[in-house]
Amino acid sequence: MYDVAKIRDDFPILSRKVNGKPLVYLDNGASAQKPRVVIDAMNKAYEEEYANVHRGLHFLSTIATEKYEAVRGIVARFLGAPDPEEIVFTTGTTEGINLVSYGWAAPRLQAGDEIVLSLLEHHANIVPWHFLRERQGVVLKWVEPEADGALDPGKVIDAIGPKSKLVAVTHMSNVTGTLVDVAAICRGARAKGVPVLVDGSQGSVHRPVSIAEIGCDFYAITGHKLYGPSGSGAIWISKDRMREMRPFMGGGDMIREVHRDSVTYADPPMKFEAGTPGIVQQIGMGVALEYLMALGMENVAGHEAALRDYARQRLRGLNWLNLQGDAPGKGAIFSFTLDGPAHAHDISTVLDQRGIAVRAGTHCAMPLLAHYGLTATCRASFGLYNTEAEVDALISGLELCHELFA
């Protein structure tokens, strides 16, 4: 049984007050809170087990290396990936996508070649491709969502032409919560011989992921959204694509030999991990993923689906509130504006006075907001520890906003 009250006890910050009110944390789409088990594991790593990894043969280095390297297997299990050696550690999805842009795409794409994107993308899955547009003349080919915010896989597949070299698409929109059928996109792209990169920053947080079922070439995740620490993350890269990639950064750990006039690189995944890594951050992410797998991602998805349905019903009951991209197949993420003069920042400020944390702004998705004719929205994004009572608190806060700004 999914006991949300017990789960909430695992997160120390949820017991605090903000502005004299119980904290209602609805900014999980930006960054999730951390369970005590993650905090304790990181403290232990710093207090009792810290040393640099790989380079030392002494006791502490051996412990740190074993715990650090064990996280590859944890990430592989979490993603349903076949081999831990296909897991490259990063600081998050942003670095993972940049790794693919620099290490795989830049050496093989030429002027006129296309990258197919959707308008649902976060800037992290847009700007690295703009680099290639600016520097190499690569063309960005955009696919727009439907009126309700859904992304038709057929339209993405149809956009793949003779010059298309990559499809880069989100698993779940961080603005609207739209769940994208990435498996269908991957099947269509594979039939046309085009690789697919999936931004899993949101999708991996809210539902089970199986790399084998999706069939992509790259899948990136971010630790701090997965109830782990900031500065942690990973990207799964198929072995075929790894063999095609050049290193992103040069330095220690990613080399086999260095001489005055030559260098040979380590085998993947080490080939793509230069310098001293975020040792404790990655250990913390591993603990967070173990925590999620112990809860069961199917159970997390079920709890959040119930929250989504309840929140959708309550929000739709406010006839002066406008939901952006409220597609049937979506996660528990809602972006909205209010009729009248209230700016998203005004709404966020009023809610904050009641202890309710939401996001206000463009959510690093300016092309999507421009598509909706907006410069900012408020976003309430739910996580595994949120409750229907917190949905009610949000509704009460929004009703106050309507009274103040109507």
# chains A, B, ... in the order shown; residues from 1 in each chain; ligands from 1

call {"tool": "residues_around", "arguments": {"residues": "A:His371", "least_positions_apart": "4", "cutoff": "9 Å", "atoms": "only C-alpha atoms", "output": "compact mmCIF listing (two decimals) with N, CA and C atoms, in the first residue's frame"}}
result
# COMPACT_ATOMS: atom_id res chain seq x y z
N LEU A 119 8.15 21.52 -30.03
CA LEU A 119 8.04 22.79 -29.31
C LEU A 119 7.88 22.58 -27.81
N GLU A 144 5.01 21.11 -33.87
CA GLU A 144 4.16 21.78 -32.90
C GLU A 144 3.21 20.79 -32.22
N MET A 366 10.84 28.91 -23.68
CA MET A 366 10.32 30.11 -24.34
C MET A 366 9.61 29.82 -25.67
N PRO A 367 10.11 28.91 -26.52
CA PRO A 367 9.37 28.65 -27.76
C PRO A 367 7.95 28.14 -27.52

call {"tool": "residues_around", "arguments": {"residues": "stretch 151-159 of chain A", "least_positions_apart": "5", "cutoff": "12 Å", "atoms": "only C-alpha atoms", "output": "NGL selection string"}}
result
:A and (114-121 or 140-146 or 164-173 or 176-196 or 325-330)

call {"tool": "write_last_selection", "arguments": {"atoms": "N, CA and C atoms", "output": "compact mmCIF listing (two decimals), in the first residue's frame"}}
result
# COMPACT_ATOMS: atom_id res chain seq x y z
N GLU A 114 19.51 18.19 -40.73
CA GLU A 114 18.41 18.59 -39.86
C GLU A 114 18.41 17.85 -38.53
N ILE A 115 17.98 18.57 -37.50
CA ILE A 115 17.64 17.97 -36.21
C ILE A 115 16.16 18.25 -35.97
N VAL A 116 15.38 17.20 -35.74
CA VAL A 116 13.94 17.34 -35.52
C VAL A 116 13.68 17.51 -34.03
N LEU A 117 12.98 18.59 -33.68
CA LEU A 117 12.65 18.92 -32.30
C LEU A 117 11.15 19.16 -32.17
N SER A 118 10.63 19.05 -30.96
CA SER A 118 9.26 19.49 -30.70
C SER A 118 9.28 20.81 -29.95
N LEU A 119 8.15 21.52 -30.03
CA LEU A 119 8.04 22.79 -29.31
C LEU A 119 7.88 22.58 -27.81
N LEU A 120 7.76 21.33 -27.37
CA LEU A 120 7.64 21.05 -25.94
C LEU A 120 8.99 21.08 -25.22
N GLU A 121 10.08 21.24 -25.95
CA GLU A 121 11.40 21.03 -25.35
C GLU A 121 11.81 22.12 -24.36
N LEU A 140 17.22 23.40 -37.68
CA LEU A 140 16.32 22.89 -36.64
C LEU A 140 14.90 22.82 -37.21
N LYS A 141 14.32 21.65 -37.17
CA LYS A 141 13.01 21.40 -37.75
C LYS A 141 12.01 21.15 -36.62
N TRP A 142 11.02 22.03 -36.50
CA TRP A 142 10.15 22.03 -35.34
C TRP A 142 8.82 21.33 -35.61
N VAL A 143 8.34 20.61 -34.60
CA VAL A 143 7.02 19.97 -34.64
C VAL A 143 6.18 20.58 -33.52
N GLU A 144 5.01 21.11 -33.87
CA GLU A 144 4.16 21.78 -32.90
C GLU A 144 3.21 20.79 -32.22
N PRO A 145 2.85 21.05 -30.96
CA PRO A 145 1.86 20.20 -30.28
C PRO A 145 0.46 20.47 -30.79
N GLU A 146 -0.45 19.58 -30.44
CA GLU A 146 -1.87 19.78 -30.76
C GLU A 146 -2.44 20.88 -29.87
N SER A 164 17.43 14.61 -42.31
CA SER A 164 17.32 14.53 -40.85
C SER A 164 18.34 13.55 -40.31
N LYS A 165 19.11 13.99 -39.32
CA LYS A 165 20.18 13.16 -38.75
C LYS A 165 19.93 12.79 -37.30
N LEU A 166 18.97 13.47 -36.65
CA LEU A 166 18.70 13.21 -35.24
C LEU A 166 17.31 13.72 -34.89
N VAL A 167 16.62 12.98 -34.04
CA VAL A 167 15.40 13.46 -33.39
C VAL A 167 15.73 13.66 -31.92
N ALA A 168 15.42 14.83 -31.39
CA ALA A 168 15.66 15.13 -29.97
C ALA A 168 14.33 15.55 -29.35
N VAL A 169 13.82 14.74 -28.42
CA VAL A 169 12.46 14.96 -27.94
C VAL A 169 12.36 14.65 -26.45
N THR A 170 11.51 15.38 -25.78
CA THR A 170 11.29 15.16 -24.36
C THR A 170 10.37 13.97 -24.13
N HIS A 171 10.56 13.31 -23.00
CA HIS A 171 9.65 12.23 -22.59
C HIS A 171 8.40 12.80 -21.94
N MET A 172 8.56 13.93 -21.27
CA MET A 172 7.42 14.61 -20.63
C MET A 172 7.72 16.10 -20.57
N SER A 173 6.76 16.92 -20.97
CA SER A 173 6.96 18.37 -20.95
C SER A 173 7.04 18.87 -19.52
N THR A 176 3.74 21.56 -19.38
CA THR A 176 2.36 21.10 -19.42
C THR A 176 2.17 19.70 -18.84
N GLY A 177 3.26 18.97 -18.65
CA GLY A 177 3.15 17.59 -18.19
C GLY A 177 2.79 16.61 -19.28
N THR A 178 2.73 17.08 -20.53
CA THR A 178 2.39 16.20 -21.65
C THR A 178 3.33 15.01 -21.70
N LEU A 179 2.77 13.81 -21.70
CA LEU A 179 3.56 12.60 -21.85
C LEU A 179 3.68 12.27 -23.33
N VAL A 180 4.90 12.12 -23.80
CA VAL A 180 5.16 11.88 -25.21
C VAL A 180 5.37 10.39 -25.45
N ASP A 181 4.77 9.87 -26.49
CA ASP A 181 4.93 8.46 -26.85
C ASP A 181 6.28 8.30 -27.56
N VAL A 182 7.33 8.30 -26.77
CA VAL A 182 8.68 8.25 -27.35
C VAL A 182 8.97 6.90 -27.99
N ALA A 183 8.33 5.84 -27.52
CA ALA A 183 8.54 4.53 -28.12
C ALA A 183 8.05 4.52 -29.56
N ALA A 184 6.89 5.13 -29.81
CA ALA A 184 6.36 5.20 -31.18
C ALA A 184 7.27 6.04 -32.06
N ILE A 185 7.77 7.15 -31.50
CA ILE A 185 8.69 8.00 -32.27
C ILE A 185 9.96 7.23 -32.61
N CYS A 186 10.47 6.48 -31.64
CA CYS A 186 11.70 5.73 -31.88
C CYS A 186 11.51 4.65 -32.95
N ARG A 187 10.35 3.99 -32.93
CA ARG A 187 10.08 2.97 -33.96
C ARG A 187 10.06 3.61 -35.35
N GLY A 188 9.39 4.74 -35.47
CA GLY A 188 9.33 5.41 -36.76
C GLY A 188 10.67 5.95 -37.21
N ALA A 189 11.43 6.50 -36.26
CA ALA A 189 12.75 7.04 -36.61
C ALA A 189 13.70 5.92 -37.00
N ARG A 190 13.64 4.79 -36.27
CA ARG A 190 14.52 3.68 -36.59
C ARG A 190 14.26 3.15 -38.00
N ALA A 191 12.99 3.14 -38.38
CA ALA A 191 12.64 2.68 -39.73
C ALA A 191 13.24 3.58 -40.80
N LYS A 192 13.51 4.83 -40.43
CA LYS A 192 14.12 5.76 -41.37
C LYS A 192 15.62 5.92 -41.14
N GLY A 193 16.16 5.13 -40.21
CA GLY A 193 17.60 5.16 -39.97
C GLY A 193 18.10 6.37 -39.23
N VAL A 194 17.24 6.98 -38.40
CA VAL A 194 17.61 8.22 -37.69
C VAL A 194 17.63 7.96 -36.18
N PRO A 195 18.71 8.28 -35.49
CA PRO A 195 18.79 8.09 -34.04
C PRO A 195 17.86 9.05 -33.28
N VAL A 196 17.54 8.68 -32.04
CA VAL A 196 16.67 9.50 -31.20
C VAL A 196 17.31 9.73 -29.84
N GLY A 325 -2.18 23.50 -22.23
CA GLY A 325 -1.77 22.15 -22.60
C GLY A 325 -2.29 21.09 -21.66
N ASP A 326 -3.60 21.00 -21.49
CA ASP A 326 -4.18 20.04 -20.56
C ASP A 326 -4.60 18.77 -21.30
N ALA A 327 -3.63 18.10 -21.92
CA ALA A 327 -3.91 16.90 -22.70
C ALA A 327 -4.31 15.74 -21.78
N PRO A 328 -5.13 14.80 -22.28
CA PRO A 328 -5.52 13.65 -21.44
C PRO A 328 -4.32 12.86 -20.92
N GLY A 329 -3.34 12.57 -21.79
CA GLY A 329 -2.17 11.82 -21.37
C GLY A 329 -1.08 12.75 -20.88
N LYS A 330 -1.05 12.99 -19.59
CA LYS A 330 -0.08 13.92 -19.03
C LYS A 330 0.24 13.53 -17.60

call {"tool": "select_by_dssp", "arguments": {"residues": "stretch 184-373 of chain A", "states": "strand (DSSP E)", "output": "count of residues only"}}
result
36

call {"tool": "residues_around", "arguments": {"residues": "A:Asp10", "least_positions_apart": "6", "cutoff": "9 Å", "atoms": "only C-alpha atoms", "output": "list of chain:residue names"}}
result
A:Lys34, A:Pro35, A:Arg36, A:Val37

call {"tool": "write_last_selection", "arguments": {"atoms": "N, CA and C atoms", "output": "compact mmCIF listing (two decimals), in the first residue's frame"}}
result
# COMPACT_ATOMS: atom_id res chain seq x y z
N LYS A 34 14.60 16.14 -0.84
CA LYS A 34 15.46 14.97 -0.63
C LYS A 34 15.03 14.18 0.60
N PRO A 35 14.92 12.87 0.48
CA PRO A 35 14.59 12.07 1.67
C PRO A 35 15.79 11.97 2.62
N ARG A 36 15.49 11.70 3.86
CA ARG A 36 16.54 11.60 4.89
C ARG A 36 17.61 10.59 4.50
N VAL A 37 17.23 9.50 3.85
CA VAL A 37 18.20 8.46 3.50
C VAL A 37 19.27 9.00 2.56

call {"tool": "closest_residue", "arguments": {"among": "A:Pro269, A:Gly233, A:Gly103, A:Gly275", "to": "A:Asp83", "atoms": "only C-alpha atoms"}}
result
A:Pro269

call {"tool": "closest_residue", "arguments": {"among": "A:Ala124, A:Ala266, A:Ala294, A:Leu398", "to": "A:Arg314", "atoms": "only C-alpha atoms"}}
result
A:Leu398
